[in-house]
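Below you'll find the structure, written out as structure tokens, and then a few comments.
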Amino acid sequence: MALLDVKEMTQYFGGLCAVSEFSVSLEPGQMVALIGPNGAGKTTVFNLISGFYKPTRGDILFKGESIKGLKPHQVTGRGIARTFQNIRLWFEMTVLDNIRIAQHHALGYGLWDCFLRTPRYMQSERAIEDHAMDVLTRLGLREVAHEYPKNLPYGVQRMVEIARALSIRPALLMLDEPAAGLNSSDVEGLIKLIGDIHKDFGLTVWMIEHQMDVVMTLCSWIKVIDFGATIAEGGPAAIQNSPEVIKAYLGDDTI
Amino acid sequence: MKRLTVPALLAAIFAVLLWATMTGVLNAYWQSVIMFMGVNVILATSLNIINGNMGEFSCGHAGFMAVGAYVSSLLSVALFAKSAVFGDPLLSPDLAVWLFPLVLLAGSLAASVVGLLVAIPSFKTRGDYLAIITIAASYIVKSTIENIGVIGGARGFMGMTGVMNAMNDTAKLPWILIWVFLGTVFSVCVIRRFIYSTFGKGVDAICQDEIAAEIMSVNTDRVKLVAFMVSCGLAGLAGGLFAHILGYVNPGTFTILKSTEIMVMVYLGGMGSLSGSVLAAILMTLLIEYLRDAFGFINTFLHYISVIPDSYEVTQVWKWVLIPLLLVLLMQFRPEGIMGRRELADVFPGLRKFYKFKG
């Protein structure tokens, strides 16, 4: 059974068709990419799946159940985590707190436990903290656990954001332009990191990315969209040679 | 050992207060100043959850205070005292001492339910628009009370002195001081436990990036609902205590000026700083009391040097010029307040050696 099954998802913003009959089926353990020129609707696809918008038409199945119309936090609770194109950490609290707050889906206690500091509360808080430190350690971020993200270099902030998404223990990790704004040595590190977490955490990775070396090195399957419509899909080699893709990126050579 | 420092300190303060009150070292005036300090600490720390941690702008805190004040006053008078409105007490006045916390609790619960008036719109509305809603909510409360004639309407409601007297008959202790002290410690403790938990940190996450919070599995609607209800409920508790200190309540007390006073405390202390709010509430209470004398002095002085006409007196009303002015100056010159977003232990790390909290 496919992990994520998007069926003819369509989204209109007023009269504008942002995403048109988008379908995709992700198998567990796959690493795939969604590419396309600027404004093609890639981030809208991610926003639709993570529950920011409810698609005008079509359906989204995750682990066989429809997640269409769920709120973002409910979607995340089901096991879909994502990062953002522009980093969206909580910059005024420590890295550790950033990870801790991402555990809201697994709190296991309520307000009264909070007030009374019940054993259930203490146990849950300890488990959350251990888990957070564990994730940070696995990504080599243990030393920055008590730093504020605003004081960290850009590349590290990216890593922290990925760590935060991973701490949710997702089955599907969606990365929105993870390499944006990174220099070439950082990009190499990122490629290795994504490859490692894909293997170690055994998850499905779906990324939007403009840097072709990232996409071509990591992804076994690529989907290309333009103006909301799918124009090509296939393996890296097929995409590189697809006339449709070349046309979308470089324009038509007939005048 | 370190864990016991704060409870021990509080117990010591409590004991000294009790001793000083009962032996008369602390006169009635200073007792009331200390009690208003307590009430203001509750008000400032509870508003700090919304205006500080959540980064919203609630300017109707006095409205929720009014709900708590009226509900708990009506209940306590109906249950434990003979009054013109309710007639004979429904329960034996001997029970007042034991059931008074429940009466206060009922006031807080009522205030937190009225808090829904703000909490539910906050799901979709933010910033200025929510601020307008909070003002509206506080006016709804005030106008409603003013128009219920049975409980005194705009003239106010009294009779709580009878309840305090009933407690005094049971045991000769400064009861209201005890309740204010316990209420204050309870409130600060509850707030601290809330905002330091992973659950409560969701409030800060909403403040810093609401979209990220929602995507990272924080149920933002629920967190907002809880934060508003806790905040409004504690304002209700403060209102209940306030009403029983004075012995009467008047809807005219709970205007936007009262809300402004609370806001000044929050901003003076530093948004999002719990210890800052406590400190600022204490400082502001002292300042307001000091102004009482100061205005008298200024009045005499200005008359002496004949700057103002003899027919004009500088009165307490000028307090309402000075407090908002303080807010203007604060925002201009130190917008982050005394503590900024930090706590006492962040400003003086040496303090950490002496105390520690459980979790």
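Each chain in the structure tokens gets a letter, A, B and so on, in the order shown; residues start at 1 in every chain, and ligands are counted from 1 in the order they appear.
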- Message: At a cut-off of 7 Å, which residues of chain A touch chain B? Count only C-alpha atoms and give the answer as number ranges by chain.
- Response: A: 72-74, 76-77, 88, 90, 100-102, 104-105, 114-115
With C-alpha atoms retained, write the just-selected residues as a compact mmCIF listing (two decimals), in the first residue's frame.
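In the end it all went to part.txt:
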```txt
# COMPACT_ATOMS: atom_id res chain seq x y z
CA PRO A 72 -2.17 21.11 10.17
CA HIS A 73 -1.45 19.88 13.70
CA GLN A 74 -3.64 16.83 13.12
CA THR A 76 1.47 16.33 11.66
CA GLY A 77 0.16 14.09 14.42
CA ARG A 88 10.67 29.06 10.61
CA TRP A 90 11.16 29.87 17.17
CA ARG A 100 10.34 19.98 22.88
CA ILE A 101 7.44 22.03 21.58
CA ALA A 102 7.31 19.87 18.46
CA HIS A 104 2.84 18.49 21.44
CA HIS A 105 1.28 15.61 19.48
CA CYS A 114 0.57 20.52 34.39
CA PHE A 115 -0.76 22.35 37.46
```
From region 156-278 of chain B, collect each residue whose DSSP state is alpha helix (DSSP H) and return the set as a compact mmCIF listing (two decimals) with C-alpha atoms, in the first residue's frame.
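Result file is result_5.txt:
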```txt
# COMPACT_ATOMS: atom_id res chain seq x y z
CA MET B 160 -18.79 41.37 52.00
CA THR B 161 -17.70 42.91 55.31
CA GLY B 162 -20.36 40.70 56.90
CA VAL B 163 -18.65 37.64 55.45
CA MET B 164 -15.27 38.71 56.79
CA ASN B 165 -16.84 39.35 60.17
CA ALA B 166 -18.34 35.86 60.10
CA MET B 167 -14.84 34.46 59.59
CA ASN B 168 -13.57 36.59 62.44
CA ASP B 169 -16.24 35.10 64.69
CA THR B 170 -14.92 31.63 63.90
CA TRP B 175 -8.52 36.36 57.27
CA ILE B 176 -8.55 38.50 54.19
CA LEU B 177 -4.79 38.97 54.39
CA ILE B 178 -4.41 35.20 54.63
CA TRP B 179 -6.62 34.64 51.59
CA VAL B 180 -4.82 37.26 49.55
CA PHE B 181 -1.45 35.78 50.42
CA LEU B 182 -2.54 32.24 49.59
CA GLY B 183 -4.27 33.41 46.41
CA THR B 184 -1.17 35.21 45.23
CA VAL B 185 1.15 32.29 45.89
CA PHE B 186 -1.35 29.93 44.25
CA SER B 187 -1.64 32.10 41.14
CA VAL B 188 2.06 32.61 40.58
CA CYS B 189 2.67 28.91 41.17
CA VAL B 190 -0.06 27.89 38.70
CA ILE B 191 1.19 30.31 36.06
CA ARG B 192 4.78 29.21 36.49
CA ARG B 193 3.85 25.55 36.18
CA PHE B 194 1.78 26.29 33.11
CA ILE B 195 4.26 28.38 31.14
CA TYR B 196 7.25 26.20 31.97
CA THR B 198 6.03 21.80 27.21
CA PHE B 199 2.30 22.35 26.87
CA GLY B 200 2.52 25.95 28.07
CA LYS B 201 5.56 26.71 25.94
CA GLY B 202 3.18 26.34 23.05
CA VAL B 203 2.00 29.83 24.04
CA ASP B 204 5.47 31.25 23.34
CA ALA B 205 5.62 29.26 20.12
CA ILE B 206 2.36 30.88 18.99
CA CYS B 207 3.82 34.27 19.82
CA GLN B 208 7.00 33.71 17.85
CA GLU B 210 2.05 30.68 14.84
CA ILE B 211 2.25 28.88 11.49
CA ALA B 212 5.33 26.96 12.57
CA ALA B 213 3.56 26.08 15.82
CA GLU B 214 0.55 24.67 14.01
CA ILE B 215 2.73 22.67 11.60
CA THR B 220 -2.94 26.35 18.54
CA ASP B 221 -6.68 26.75 19.14
CA ARG B 222 -6.53 24.62 22.26
CA VAL B 223 -3.42 26.34 23.59
CA LYS B 224 -4.99 29.76 23.05
CA LEU B 225 -8.21 28.66 24.69
CA VAL B 226 -6.37 27.33 27.73
CA ALA B 227 -4.12 30.40 27.98
CA PHE B 228 -7.04 32.81 27.83
CA MET B 229 -9.09 30.79 30.30
CA VAL B 230 -6.23 30.52 32.79
CA SER B 231 -5.47 34.20 32.44
CA CYS B 232 -9.09 35.33 32.77
CA GLY B 233 -9.78 32.87 35.57
CA LEU B 234 -6.91 34.23 37.65
CA ALA B 235 -8.08 37.79 36.93
CA GLY B 236 -11.41 36.62 38.37
CA LEU B 237 -9.63 35.32 41.47
CA ALA B 238 -7.91 38.69 41.88
CA GLY B 239 -11.30 40.38 41.47
CA GLY B 240 -12.84 38.20 44.17
CA LEU B 241 -10.05 39.04 46.59
CA PHE B 242 -10.20 42.71 45.65
CA ALA B 243 -13.94 42.85 46.37
CA HIS B 244 -13.50 41.24 49.77
CA ILE B 245 -10.65 43.55 50.75
CA LEU B 246 -12.77 46.63 50.04
CA ILE B 256 -10.28 50.65 30.82
CA LEU B 257 -8.19 52.68 33.27
CA LYS B 258 -7.94 49.69 35.58
CA SER B 259 -6.91 47.55 32.60
CA THR B 260 -4.32 50.16 31.68
CA GLU B 261 -2.93 50.06 35.19
CA ILE B 262 -2.45 46.30 34.86
CA MET B 263 -0.91 46.68 31.42
CA VAL B 264 1.60 49.21 32.77
CA MET B 265 2.66 46.62 35.33
CA VAL B 266 3.17 43.97 32.64
CA TYR B 267 5.15 46.26 30.35
CA LEU B 268 7.11 47.74 33.23
CA GLY B 269 8.14 44.27 34.34
CA LEU B 274 6.98 36.19 35.25
CA SER B 275 9.33 37.53 37.91
CA GLY B 276 9.30 40.88 36.10
CA SER B 277 5.53 41.07 36.44
CA VAL B 278 5.68 40.23 40.13
```
- Query: Skipping near chain neighbours, those fewer than 5 positions away, what residues fall within 9 Å of region 11-21 of chain B using only C-alpha atoms, listed as a list in words?
  - Reply: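 Listed by chain and then number, they are Val6, Leu26, Asn27, Ala28, Gln31, Leu173, Pro174, Leu177, Ile178 and Phe181 of chain B.
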May I have the residues from that selection written out with C-alpha atoms, as a PDB file, in the first residue's frame?
```
ATOM      1  CA  VAL B   6      11.313  29.322  48.007  1.00  0.00           C
ATOM      2  CA  LEU B  26       1.458  46.775  60.617  1.00  0.00           C
ATOM      3  CA  ASN B  27      -1.353  49.323  60.692  1.00  0.00           C
ATOM      4  CA  ALA B  28      -4.539  48.984  58.685  1.00  0.00           C
ATOM      5  CA  GLN B  31      -2.109  45.962  55.536  1.00  0.00           C
ATOM      6  CA  LEU B 173      -7.265  36.058  62.459  1.00  0.00           C
ATOM      7  CA  PRO B 174      -6.606  38.599  59.682  1.00  0.00           C
ATOM      8  CA  LEU B 177      -4.789  38.973  54.392  1.00  0.00           C
ATOM      9  CA  ILE B 178      -4.413  35.199  54.625  1.00  0.00           C
ATOM     10  CA  PHE B 181      -1.450  35.779  50.425  1.00  0.00           C
TER      11      PHE B 181
END
```
- Which distance in Å separates CA of Ile80 (chain A) and CA of Ile162 (chain A), to one decimal?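 The value is 12.8 Å.
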- Item | All residues 10 Å or closer to Lys223 (chain A), only C-alpha atoms, same chain fewer than 3 positions away omitted, as a PyMOL selection string | chain A and resi 24+32-36+208+230-236+239
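Taking CA of Leu141 (chain A) and CA of Asn53 (chain B) as endpoints, the distance between them is 26.9 Å.
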